[in-house]
$ cat query-v8.cif   # mmCIF, C-alpha atoms, pLDDT in the B column; chains and numbers go by the auth columns
data_upload
loop_
_atom_site.group_PDB
_atom_site.id
_atom_site.type_symbol
_atom_site.label_atom_id
_atom_site.label_comp_id
_atom_site.label_asym_id
_atom_site.label_seq_id
_atom_site.Cartn_x
_atom_site.Cartn_y
_atom_site.Cartn_z
_atom_site.B_iso_or_equiv
_atom_site.auth_seq_id
_atom_site.auth_asym_id
ATOM 1 C CA MET A 1 0.000 0.000 0.000 80.00 23 A
ATOM 2 C CA ASP A 2 1.196 3.515 -0.849 93.00 24 A
ATOM 3 C CA TYR A 3 1.061 6.174 1.879 96.00 25 A
ATOM 4 C CA ILE A 4 1.072 9.952 2.160 96.00 26 A
ATOM 5 C CA SER A 5 3.125 11.166 5.108 96.00 27 A
ATOM 6 C CA THR A 6 1.409 13.371 7.686 96.00 28 A
ATOM 7 C CA GLY A 7 4.694 15.242 7.996 91.00 29 A
ATOM 8 C CA ILE A 8 4.500 14.844 11.782 96.00 30 A
ATOM 9 C CA ARG A 9 7.589 13.204 13.211 95.00 31 A
ATOM 10 C CA ARG A 10 6.787 9.836 14.800 96.00 32 A
ATOM 11 C CA PHE A 11 3.059 10.126 14.028 97.00 33 A
ATOM 12 C CA ASP A 12 3.145 8.116 10.791 97.00 34 A
ATOM 13 C CA GLU A 13 4.480 5.129 12.728 97.00 35 A
ATOM 14 C CA GLU A 14 1.606 5.418 15.201 97.00 36 A
ATOM 15 C CA ILE A 15 -1.043 5.273 12.473 97.00 37 A
ATOM 16 C CA GLY A 16 0.457 2.371 10.541 96.00 38 A
ATOM 17 C CA GLY A 17 2.718 4.165 8.065 96.00 39 A
ATOM 18 C CA GLY A 18 0.831 7.270 6.988 97.00 40 A
ATOM 19 C CA ILE A 19 -2.410 8.135 5.212 98.00 41 A
ATOM 20 C CA PRO A 20 -3.324 5.518 2.582 97.00 42 A
ATOM 21 C CA ARG A 21 -3.220 7.116 -0.846 97.00 43 A
ATOM 22 C CA GLY A 22 -6.716 7.845 -2.160 97.00 44 A
ATOM 23 C CA SER A 23 -8.273 8.163 1.296 98.00 45 A
ATOM 24 C CA ILE A 24 -10.706 10.871 2.394 98.00 46 A
ATOM 25 C CA ILE A 25 -9.703 12.177 5.825 98.00 47 A
ATOM 26 C CA ILE A 26 -11.636 14.436 8.204 97.00 48 A
ATOM 27 C CA LEU A 27 -9.286 16.698 10.164 96.00 49 A
ATOM 28 C CA SER A 28 -11.365 18.166 12.981 94.00 50 A
ATOM 29 C CA GLY A 29 -10.741 20.325 15.995 92.00 51 A
ATOM 30 C CA THR A 30 -11.254 23.583 17.791 89.00 52 A
ATOM 31 C CA PRO A 31 -9.794 26.888 16.513 90.00 53 A
ATOM 32 C CA GLY A 32 -6.068 27.280 17.148 92.00 54 A
ATOM 33 C CA THR A 33 -5.198 23.587 16.990 94.00 55 A
ATOM 34 C CA TYR A 34 -3.022 23.812 13.825 95.00 56 A
ATOM 35 C CA LYS A 35 -5.577 22.143 11.519 96.00 57 A
ATOM 36 C CA SER A 36 -4.837 24.355 8.527 96.00 58 A
ATOM 37 C CA SER A 37 -1.105 24.360 9.203 97.00 59 A
ATOM 38 C CA MET A 38 -0.981 20.582 9.434 97.00 60 A
ATOM 39 C CA ALA A 39 -2.977 20.157 6.213 97.00 61 A
ATOM 40 C CA PHE A 40 -0.751 22.680 4.437 97.00 62 A
ATOM 41 C CA SER A 41 2.341 20.922 5.784 97.00 63 A
ATOM 42 C CA ILE A 42 1.187 17.598 4.309 97.00 64 A
ATOM 43 C CA LEU A 43 0.916 19.155 0.839 97.00 65 A
ATOM 44 C CA TYR A 44 4.118 21.137 1.290 97.00 66 A
ATOM 45 C CA GLU A 45 6.224 18.128 2.294 95.00 67 A
ATOM 46 C CA ALA A 46 4.696 15.967 -0.441 96.00 68 A
ATOM 47 C CA ALA A 47 5.606 18.644 -2.992 97.00 69 A
ATOM 48 C CA ARG A 48 9.110 19.199 -1.582 95.00 70 A
ATOM 49 C CA LYS A 49 10.120 15.569 -1.086 93.00 71 A
ATOM 50 C CA LYS A 50 8.053 13.629 -3.605 93.00 72 A
ATOM 51 C CA GLY A 51 7.139 16.139 -6.284 95.00 73 A
ATOM 52 C CA ASN A 52 3.411 15.599 -5.734 96.00 74 A
ATOM 53 C CA VAL A 53 1.012 18.272 -6.976 98.00 75 A
ATOM 54 C CA GLY A 54 -1.482 19.400 -4.353 98.00 76 A
ATOM 55 C CA ILE A 55 -4.496 21.736 -4.297 97.00 77 A
ATOM 56 C CA TYR A 56 -5.380 23.765 -1.206 98.00 78 A
ATOM 57 C CA LEU A 57 -8.879 25.293 -1.385 97.00 79 A
ATOM 58 C CA LEU A 58 -9.460 28.134 1.078 95.00 80 A
ATOM 59 C CA PHE A 59 -12.955 29.257 2.008 94.00 81 A
ATOM 60 C CA GLU A 60 -12.209 31.000 5.329 89.00 82 A
ATOM 61 C CA GLN A 61 -9.165 33.192 4.699 90.00 83 A
ATOM 62 C CA SER A 62 -7.201 34.640 1.824 92.00 84 A
ATOM 63 C CA MET A 63 -4.418 32.893 -0.027 93.00 85 A
ATOM 64 C CA LYS A 64 -2.053 35.725 0.923 94.00 86 A
ATOM 65 C CA SER A 65 -2.865 35.306 4.628 94.00 87 A
ATOM 66 C CA LEU A 66 -2.326 31.546 4.657 95.00 88 A
ATOM 67 C CA VAL A 67 0.927 31.682 2.710 95.00 89 A
ATOM 68 C CA PHE A 68 2.256 34.421 5.014 96.00 90 A
ATOM 69 C CA GLN A 69 1.427 32.339 8.106 96.00 91 A
ATOM 70 C CA GLN A 70 3.079 29.239 6.685 96.00 92 A
ATOM 71 C CA GLU A 71 6.217 31.076 5.649 96.00 93 A
ATOM 72 C CA GLU A 72 6.446 32.473 9.176 96.00 94 A
ATOM 73 C CA MET A 73 6.349 28.847 10.380 96.00 95 A
ATOM 74 C CA GLY A 74 9.244 27.905 8.093 95.00 96 A
ATOM 75 C CA ARG A 75 7.474 26.614 4.989 96.00 97 A
ATOM 76 C CA VAL A 76 8.842 28.926 2.332 94.00 98 A
ATOM 77 C CA MET A 77 6.949 29.075 -0.960 94.00 99 A
ATOM 78 C CA ASP A 78 9.831 29.198 -3.414 95.00 100 A
ATOM 79 C CA ASP A 79 9.311 28.895 -7.177 95.00 101 A
ATOM 80 C CA GLY A 80 9.655 25.112 -7.101 94.00 102 A
ATOM 81 C CA ILE A 81 7.015 24.679 -4.404 96.00 103 A
ATOM 82 C CA LYS A 82 4.652 27.139 -6.104 94.00 104 A
ATOM 83 C CA LYS A 83 4.619 24.914 -9.184 95.00 105 A
ATOM 84 C CA GLN A 84 3.553 21.917 -7.117 96.00 106 A
ATOM 85 C CA LEU A 85 1.287 23.469 -4.457 97.00 107 A
ATOM 86 C CA ILE A 86 -1.711 25.342 -5.832 96.00 108 A
ATOM 87 C CA VAL A 87 -3.421 27.550 -3.241 96.00 109 A
ATOM 88 C CA SER A 88 -6.802 29.001 -4.236 94.00 110 A
ATOM 89 C CA ASP A 89 -9.086 31.197 -2.164 93.00 111 A
ATOM 90 C CA VAL A 90 -12.667 32.345 -2.691 89.00 112 A
ATOM 91 C CA GLY A 91 -11.601 35.130 -5.047 87.00 113 A
ATOM 92 C CA ARG A 92 -9.749 32.800 -7.380 86.00 114 A
ATOM 93 C CA ILE A 93 -12.565 30.245 -7.318 82.00 115 A
ATOM 94 C CA ARG A 94 -15.103 33.019 -7.988 81.00 116 A
ATOM 95 C CA ALA A 95 -13.122 34.005 -11.075 82.00 117 A
ATOM 96 C CA ALA A 96 -13.103 30.369 -12.178 74.00 118 A
ATOM 97 C CA MET A 97 -16.893 30.266 -11.731 71.00 119 A
ATOM 98 C CA ASP A 98 -17.237 33.180 -14.145 74.00 120 A
ATOM 99 C CA ARG A 99 -14.938 31.558 -16.706 73.00 121 A
ATOM 100 C CA LEU A 100 -16.730 28.235 -16.410 64.00 122 A
ATOM 101 C CA GLU A 101 -20.137 29.947 -16.515 65.00 123 A
ATOM 102 C CA LYS A 102 -21.261 28.225 -13.327 60.00 124 A
ATOM 103 C CA GLY A 103 -23.374 31.104 -12.026 65.00 125 A
ATOM 104 C CA ASN A 104 -23.696 30.844 -8.242 71.00 126 A
ATOM 105 C CA ASP A 105 -23.421 27.070 -7.944 82.00 127 A
ATOM 106 C CA TRP A 106 -20.337 26.898 -5.753 83.00 128 A
ATOM 107 C CA LEU A 107 -20.246 23.127 -5.450 87.00 129 A
ATOM 108 C CA GLU A 108 -20.315 22.622 -9.222 86.00 130 A
ATOM 109 C CA ALA A 109 -17.738 25.379 -9.679 86.00 131 A
ATOM 110 C CA VAL A 110 -15.396 23.791 -7.134 90.00 132 A
ATOM 111 C CA LYS A 111 -15.807 20.409 -8.818 92.00 133 A
ATOM 112 C CA SER A 112 -15.027 21.797 -12.276 89.00 134 A
ATOM 113 C CA TYR A 113 -12.072 23.817 -10.999 90.00 135 A
ATOM 114 C CA VAL A 114 -10.514 20.865 -9.163 94.00 136 A
ATOM 115 C CA GLU A 115 -11.167 18.437 -12.014 95.00 137 A
ATOM 116 C CA TYR A 116 -9.382 20.788 -14.393 91.00 138 A
ATOM 117 C CA ILE A 117 -6.275 20.985 -12.174 93.00 139 A
ATOM 118 C CA VAL A 118 -6.289 17.237 -11.532 96.00 140 A
ATOM 119 C CA LYS A 119 -6.391 16.601 -15.272 95.00 141 A
ATOM 120 C CA GLU A 120 -3.991 19.315 -16.438 95.00 142 A
ATOM 121 C CA ARG A 121 -1.493 19.185 -13.571 95.00 143 A
ATOM 122 C CA ARG A 122 -2.030 15.594 -12.444 96.00 144 A
ATOM 123 C CA ALA A 123 -2.752 16.764 -8.905 97.00 145 A
ATOM 124 C CA ASP A 124 -3.352 13.917 -6.492 96.00 146 A
ATOM 125 C CA LEU A 125 -3.650 15.721 -3.148 98.00 147 A
ATOM 126 C CA LEU A 126 -6.544 17.969 -2.136 98.00 148 A
ATOM 127 C CA VAL A 127 -7.358 20.011 0.971 98.00 149 A
ATOM 128 C CA ILE A 128 -10.773 21.638 1.470 98.00 150 A
ATOM 129 C CA ASP A 129 -10.636 24.305 4.193 96.00 151 A
ATOM 130 C CA SER A 130 -13.256 24.109 5.406 94.00 152 A
ATOM 131 C CA LEU A 131 -16.121 21.643 4.938 95.00 153 A
ATOM 132 C CA PRO A 132 -18.725 23.675 6.904 93.00 154 A
ATOM 133 C CA VAL A 133 -18.077 26.814 4.845 92.00 155 A
ATOM 134 C CA LEU A 134 -18.249 24.910 1.549 93.00 156 A
ATOM 135 C CA GLU A 135 -21.571 23.527 2.730 92.00 157 A
ATOM 136 C CA ILE A 136 -22.869 27.040 3.396 90.00 158 A
ATOM 137 C CA LEU A 137 -21.640 28.300 0.020 87.00 159 A
ATOM 138 C CA SER A 138 -23.205 25.379 -1.815 86.00 160 A
ATOM 139 C CA ALA A 139 -26.653 26.394 -0.487 81.00 161 A
ATOM 140 C CA LYS A 140 -27.916 22.820 -0.659 72.00 162 A
ATOM 141 C CA ARG A 141 -31.164 22.395 1.243 75.00 163 A
ATOM 142 C CA SER A 142 -30.371 18.870 2.389 89.00 164 A
ATOM 143 C CA ARG A 143 -27.115 18.349 4.276 90.00 165 A
ATOM 144 C CA ARG A 144 -27.321 14.644 3.560 91.00 166 A
ATOM 145 C CA ASP A 145 -27.608 15.287 -0.185 91.00 167 A
ATOM 146 C CA PHE A 146 -24.680 17.714 -0.074 93.00 168 A
ATOM 147 C CA LEU A 147 -22.421 15.230 1.720 94.00 169 A
ATOM 148 C CA PHE A 148 -23.466 12.313 -0.458 94.00 170 A
ATOM 149 C CA GLN A 149 -22.718 14.266 -3.637 93.00 171 A
ATOM 150 C CA LEU A 150 -19.417 15.559 -2.263 96.00 172 A
ATOM 151 C CA PHE A 151 -18.107 12.175 -1.110 97.00 173 A
ATOM 152 C CA GLU A 152 -19.322 10.444 -4.271 97.00 174 A
ATOM 153 C CA TRP A 153 -17.417 13.009 -6.339 97.00 175 A
ATOM 154 C CA LEU A 154 -14.268 12.743 -4.191 97.00 176 A
ATOM 155 C CA ARG A 155 -14.217 8.955 -4.512 97.00 177 A
ATOM 156 C CA ALA A 156 -14.484 9.252 -8.298 97.00 178 A
ATOM 157 C CA LEU A 157 -11.838 11.998 -8.354 97.00 179 A
ATOM 158 C CA GLY A 158 -9.315 9.646 -6.766 96.00 180 A
ATOM 159 C CA THR A 159 -7.287 12.243 -4.869 98.00 181 A
ATOM 160 C CA THR A 160 -6.057 11.869 -1.326 98.00 182 A
ATOM 161 C CA THR A 161 -8.349 14.404 0.329 98.00 183 A
ATOM 162 C CA ILE A 162 -8.308 16.222 3.662 98.00 184 A
ATOM 163 C CA LEU A 163 -11.559 17.890 4.741 98.00 185 A
ATOM 164 C CA ILE A 164 -11.053 20.379 7.575 97.00 186 A
ATOM 165 C CA SER A 165 -13.924 20.718 10.043 94.00 187 A
ATOM 166 C CA GLU A 166 -14.520 22.666 13.239 87.00 188 A
ATOM 167 C CA LYS A 167 -15.412 20.735 16.392 78.00 189 A
ATOM 168 C CA ARG A 168 -15.833 22.325 19.803 66.00 190 A
ATOM 169 C CA SER A 169 -14.383 19.464 21.859 59.00 191 A
ATOM 170 C CA LEU A 170 -13.862 15.718 21.965 60.00 192 A
ATOM 171 C CA ASP A 171 -17.313 15.334 23.513 57.00 193 A
ATOM 172 C CA PHE A 172 -19.387 15.569 20.365 61.00 194 A
ATOM 173 C CA ASN A 173 -21.787 13.342 18.490 71.00 195 A
ATOM 174 C CA TYR A 174 -20.283 11.942 15.316 81.00 196 A
ATOM 175 C CA GLU A 175 -21.888 13.323 12.169 86.00 197 A
ATOM 176 C CA GLU A 176 -22.505 11.896 8.716 89.00 198 A
ATOM 177 C CA GLU A 177 -19.149 13.010 7.307 94.00 199 A
ATOM 178 C CA ASP A 178 -17.267 11.216 10.087 92.00 200 A
ATOM 179 C CA PHE A 179 -18.855 7.917 9.043 93.00 201 A
ATOM 180 C CA LEU A 180 -18.460 8.549 5.304 96.00 202 A
ATOM 181 C CA ALA A 181 -14.756 9.395 5.563 97.00 203 A
ATOM 182 C CA ASP A 182 -11.980 6.801 5.546 98.00 204 A
ATOM 183 C CA GLY A 183 -10.216 8.473 8.452 97.00 205 A
ATOM 184 C CA LEU A 184 -10.840 10.842 11.327 96.00 206 A
ATOM 185 C CA ILE A 185 -8.045 12.787 13.003 96.00 207 A
ATOM 186 C CA GLN A 186 -8.943 14.964 15.993 94.00 208 A
ATOM 187 C CA MET A 187 -6.970 17.968 17.253 94.00 209 A
ATOM 188 C CA THR A 188 -7.653 19.711 20.548 92.00 210 A
ATOM 189 C CA LEU A 189 -6.485 22.363 22.978 92.00 211 A
ATOM 190 C CA THR A 190 -6.377 20.689 26.387 90.00 212 A
ATOM 191 C CA PRO A 191 -5.918 22.596 29.684 90.00 213 A
ATOM 192 C CA VAL A 192 -2.716 21.681 31.528 89.00 214 A
ATOM 193 C CA GLY A 193 -2.669 22.960 35.084 84.00 215 A
ATOM 194 C CA GLU A 194 -4.303 26.333 35.709 82.00 216 A
ATOM 195 C CA VAL A 195 -2.682 28.493 33.041 87.00 217 A
ATOM 196 C CA ASP A 196 -1.462 26.381 30.116 92.00 218 A
ATOM 197 C CA LEU A 197 -3.041 24.755 27.078 91.00 219 A
ATOM 198 C CA GLN A 198 -1.506 21.839 25.219 95.00 220 A
ATOM 199 C CA ARG A 199 -2.232 21.059 21.576 95.00 221 A
ATOM 200 C CA ARG A 200 -3.050 17.379 21.152 95.00 222 A
ATOM 201 C CA ILE A 201 -3.770 15.000 18.280 96.00 223 A
ATOM 202 C CA ARG A 202 -5.138 11.493 17.875 95.00 224 A
ATOM 203 C CA CYS A 203 -6.275 9.231 15.060 96.00 225 A
ATOM 204 C CA VAL A 204 -9.761 7.978 15.891 94.00 226 A
ATOM 205 C CA LYS A 205 -10.347 6.096 12.631 95.00 227 A
ATOM 206 C CA LEU A 206 -8.270 5.004 9.646 97.00 228 A
ATOM 207 C CA ARG A 207 -9.771 2.261 7.530 96.00 229 A
ATOM 208 C CA GLY A 208 -7.575 -0.739 6.841 92.00 230 A
ATOM 209 C CA MET A 209 -4.828 0.404 9.221 94.00 231 A
ATOM 210 C CA ALA A 210 -3.714 -0.913 12.607 93.00 232 A
ATOM 211 C CA HIS A 211 -3.449 2.524 14.179 96.00 233 A
ATOM 212 C CA ASN A 212 -2.903 3.817 17.674 96.00 234 A
ATOM 213 C CA THR A 213 -5.905 5.760 19.031 95.00 235 A
ATOM 214 C CA SER A 214 -3.945 7.354 21.882 95.00 236 A
ATOM 215 C CA MET A 215 -3.772 11.100 22.363 95.00 237 A
ATOM 216 C CA PHE A 216 -0.376 12.731 21.750 97.00 238 A
ATOM 217 C CA ALA A 217 0.959 16.210 22.407 97.00 239 A
ATOM 218 C CA LEU A 218 1.492 18.094 19.137 97.00 240 A
ATOM 219 C CA GLU A 219 4.462 20.436 18.906 96.00 241 A
ATOM 220 C CA HIS A 220 5.758 22.695 16.151 96.00 242 A
ATOM 221 C CA LYS A 221 9.427 23.643 16.233 93.00 243 A
ATOM 222 C CA GLU A 222 11.920 24.746 13.587 90.00 244 A
ATOM 223 C CA GLY A 223 9.433 24.433 10.750 91.00 245 A
ATOM 224 C CA ALA A 224 8.280 20.900 11.582 94.00 246 A
ATOM 225 C CA PHE A 225 5.566 19.110 13.524 97.00 247 A
ATOM 226 C CA ARG A 226 6.265 16.299 15.963 97.00 248 A
ATOM 227 C CA ILE A 227 4.411 14.361 18.603 97.00 249 A
ATOM 228 C CA ALA A 228 5.345 13.689 22.215 96.00 250 A
ATOM 229 C CA PRO A 229 3.627 11.919 25.106 93.00 251 A
ATOM 230 C CA ALA A 230 0.614 13.914 26.292 90.00 252 A
ATOM 231 C CA ILE A 231 1.098 15.482 29.718 77.00 253 A
#

$ encode --input "query-v8.cif" --output "structure tokens"
Amino acid sequence: MDYISTGIRRFDEEIGGGIPRGSIIILSGTPGTYKSSMAFSILYEAARKKGNVGIYLLFEQSMKSLVFQQEEMGRVMDDGIKKQLIVSDVGRIRAAMDRLEKGNDWLEAVKSYVEYIVKERRADLLVIDSLPVLEILSAKRSRRDFLFQLFEWLRALGTTTILISEKRSLDFNYEEEDFLADGLIQMTLTPVGEVDLQRRIRCVKLRGMAHNTSMFALEHKEGAFRIAPAI
């Protein structure tokens, strides 16, 4: 089996070798838990080390803002990386909608835009940031219909896909997307003592893999993520 590295030191070993290529993964957590940075890091490292082409779709912030944040964290977007990592925000997708004559159907516009890049650039990695905002933009009346169409399309697309979702805590009811996805990775901010918060990560689900479900501390130092025992 072929794997995509999470880019987190020692975490791949805990989940059985990495993310199986072609999987659809839900990356969920509260704000400030490094969800976007981790997803970006996966595409960045795949582009830098393997030459993979990745697409990062932004629905919550601008491309300029995300790239600035990631460069501050040590992931420099040089010319080589820019050729392999395609970052698109709402403005760029809106322009694509006009070119593709998709009107205000965001879901169809996103599909056409991604399919074009997958075909022309042979992209095989995709991040959607975030799933709840795409759902709002799509204006589908039935959430179940929206998710069914989205997952059906992603399976046919064949990319390794990360869907970012906001969750308030670990104490939540699992939703339809969590069951439809091949994997579920949770990220949290956990109080430590009276004044500190520790970022933590765990893999709750990863189909076909003998993975560890334990919670680990998540650290970011010198441009890289790594795990350590949770305090």

$ resolve_selection --input "query-v8.cif" --expression "the PyMOL selection byres ((chain A and resi 168-174) around 12)" --output "number ranges by chain"
A: 45-48, 128-130, 132-133, 150, 153-154, 156-167, 175-181, 183-185, 197-204

$ resolve_selection --input "query-v8.cif" --expression "the PyMOL selection byres ((chain A and resi 241) around 10)" --output "short mmCIF file (atom, residue, chain, number, x, y, z; two decimals) with C-alpha atoms, in the coordinates of the input"
data_model
loop_
_atom_site.label_atom_id
_atom_site.label_comp_id
_atom_site.auth_asym_id
_atom_site.auth_seq_id
_atom_site.Cartn_x
_atom_site.Cartn_y
_atom_site.Cartn_z
CA ILE A 30 4.50 14.84 11.78
CA ARG A 31 7.59 13.20 13.21
CA TYR A 56 -3.02 23.81 13.82
CA GLN A 220 -1.51 21.84 25.22
CA ARG A 221 -2.23 21.06 21.58
CA ARG A 222 -3.05 17.38 21.15
CA ILE A 223 -3.77 15.00 18.28
CA PHE A 238 -0.38 12.73 21.75
CA ALA A 239 0.96 16.21 22.41
CA LEU A 240 1.49 18.09 19.14
CA HIS A 242 5.76 22.70 16.15
CA LYS A 243 9.43 23.64 16.23
CA ALA A 246 8.28 20.90 11.58
CA PHE A 247 5.57 19.11 13.52
CA ARG A 248 6.26 16.30 15.96
CA ILE A 249 4.41 14.36 18.60
CA ALA A 250 5.34 13.69 22.22
#

$ closest_residue --input "query-v8.cif" --among "A:Asn126, A:Ser63, A:Ser134, A:Asn234" --to "Glu35 (chain A)" --atoms "only C-alpha atoms"
A:Asn234

$ closest_residue --input "query-v8.cif" --among "A:Gly113, A:Asp24, A:Thr182, A:Arg70" --to "Glu82 (chain A)" --atoms "all atoms listed in the file"
A:Gly113

$ closest_residue --input "query-v8.cif" --among "A:Thr235, A:Lys189, A:Leu65, A:Ala252" --to "Pro53 (chain A)" --atoms "all atoms listed in the file"
A:Lys189

$ resolve_selection --input "query-v8.cif" --expression "the PyMOL selection byres ((chain A and resi 37) around 8)" --output "number ranges by chain"
A: 33-36, 38-41, 225, 228, 231-234

$ atom_distance --input "query-v8.cif" --atom1 "CA of Ser187 (chain A)" --atom2 "CA of Val136 (chain A)"
19.5 Å

$ closest_residue --input "query-v8.cif" --among "A:Gly102, A:Pro251, A:Gly215, A:Gly230" --to "Asn74 (chain A)" --atoms "all atoms listed in the file"
A:Gly102

$ residues_around --input "query-v8.cif" --residues "Glu93 (chain A)" --least-positions-apart "6" --cutoff "10 Å" --atoms "all atoms listed in the file" --output "mmCIF file with C-alpha atoms, in the coordinates of the input"
data_model
loop_
_atom_site.group_PDB
_atom_site.id
_atom_site.type_symbol
_atom_site.label_atom_id
_atom_site.label_comp_id
_atom_site.auth_asym_id
_atom_site.auth_seq_id
_atom_site.Cartn_x
_atom_site.Cartn_y
_atom_site.Cartn_z
ATOM 1 C CA MET A 99 6.949 29.075 -0.960
ATOM 2 C CA ASP A 100 9.831 29.198 -3.414
ATOM 3 C CA GLY A 245 9.433 24.433 10.750
#

$ residues_near_point --input "query-v8.cif" --point "(-3.3, 34.5, -1.7)" --cutoff "8 Å" --atoms "all atoms listed in the file" --output "list of chain:residue names"
A:Ser84, A:Met85, A:Lys86, A:Ser87, A:Leu88, A:Val89, A:Val109, A:Ser110, A:Asp111

$ atom_distance --input "query-v8.cif" --atom1 "CA of Arg229 (chain A)" --atom2 "CA of Arg144 (chain A)"
25.2 Å

$ closest_residue --input "query-v8.cif" --among "A:Ala131, A:Tyr78, A:Leu49, A:Leu107" --to "Lys227 (chain A)" --atoms "all atoms listed in the file"
A:Leu49

$ atom_distance --input "query-v8.cif" --atom1 "CA of Gly73 (chain A)" --atom2 "CA of Ala61 (chain A)"
16.6 Å

$ closest_residue --input "query-v8.cif" --among "A:Ile115, A:Ile103, A:Leu79, A:Met23" --to "Ser58 (chain A)" --atoms "only C-alpha atoms"
A:Leu79

$ build_atoms --input "query-v8.cif" --residues "region 119-139 of chain A" --atoms "N, CA and C atoms" --output "CSV table (one decimal), in the coordinates of the input"
chain,number,residue,atom,x,y,z
A,119,MET,N,-15.4,30.4,-11.5
A,119,MET,CA,-16.9,30.3,-11.7
A,119,MET,C,-17.4,31.1,-12.9
A,120,ASP,N,-16.8,32.3,-13.0
A,120,ASP,CA,-17.2,33.2,-14.1
A,120,ASP,C,-16.7,32.6,-15.5
A,121,ARG,N,-15.5,32.1,-15.5
A,121,ARG,CA,-14.9,31.6,-16.7
A,121,ARG,C,-15.7,30.3,-17.1
A,122,LEU,N,-16.1,29.5,-16.1
A,122,LEU,CA,-16.7,28.2,-16.4
A,122,LEU,C,-18.2,28.4,-16.6
A,123,GLU,N,-18.7,29.6,-16.4
A,123,GLU,CA,-20.1,29.9,-16.5
A,123,GLU,C,-21.0,29.1,-15.6
A,124,LYS,N,-20.6,29.0,-14.3
A,124,LYS,CA,-21.3,28.2,-13.3
A,124,LYS,C,-22.3,29.0,-12.5
A,125,GLY,N,-22.4,30.3,-12.8
A,125,GLY,CA,-23.4,31.1,-12.0
A,125,GLY,C,-23.0,31.2,-10.6
A,126,ASN,N,-24.0,30.8,-9.7
A,126,ASN,CA,-23.7,30.8,-8.2
A,126,ASN,C,-23.7,29.4,-7.6
A,127,ASP,N,-23.5,28.4,-8.5
A,127,ASP,CA,-23.4,27.1,-7.9
A,127,ASP,C,-22.0,26.8,-7.5
A,128,TRP,N,-21.7,27.0,-6.3
A,128,TRP,CA,-20.3,26.9,-5.8
A,128,TRP,C,-19.8,25.5,-5.8
A,129,LEU,N,-20.7,24.5,-5.5
A,129,LEU,CA,-20.2,23.1,-5.4
A,129,LEU,C,-19.8,22.7,-6.8
A,130,GLU,N,-20.6,23.0,-7.9
A,130,GLU,CA,-20.3,22.6,-9.2
A,130,GLU,C,-19.1,23.4,-9.7
A,131,ALA,N,-18.9,24.6,-9.3
A,131,ALA,CA,-17.7,25.4,-9.7
A,131,ALA,C,-16.5,24.8,-9.1
A,132,VAL,N,-16.5,24.4,-7.8
A,132,VAL,CA,-15.4,23.8,-7.1
A,132,VAL,C,-15.0,22.5,-7.8
A,133,LYS,N,-16.1,21.7,-8.1
A,133,LYS,CA,-15.8,20.4,-8.8
A,133,LYS,C,-15.1,20.6,-10.2
A,134,SER,N,-15.6,21.5,-11.0
A,134,SER,CA,-15.0,21.8,-12.3
A,134,SER,C,-13.6,22.3,-12.2
A,135,TYR,N,-13.4,23.2,-11.2
A,135,TYR,CA,-12.1,23.8,-11.0
A,135,TYR,C,-11.1,22.7,-10.6
A,136,VAL,N,-11.4,21.9,-9.6
A,136,VAL,CA,-10.5,20.9,-9.2
A,136,VAL,C,-10.3,19.8,-10.3
A,137,GLU,N,-11.3,19.4,-10.9
A,137,GLU,CA,-11.2,18.4,-12.0
A,137,GLU,C,-10.2,18.9,-13.1
A,138,TYR,N,-10.3,20.2,-13.4
A,138,TYR,CA,-9.4,20.8,-14.4
A,138,TYR,C,-7.9,20.7,-13.9
A,139,ILE,N,-7.6,21.0,-12.7
A,139,ILE,CA,-6.3,21.0,-12.2
A,139,ILE,C,-5.8,19.5,-12.1
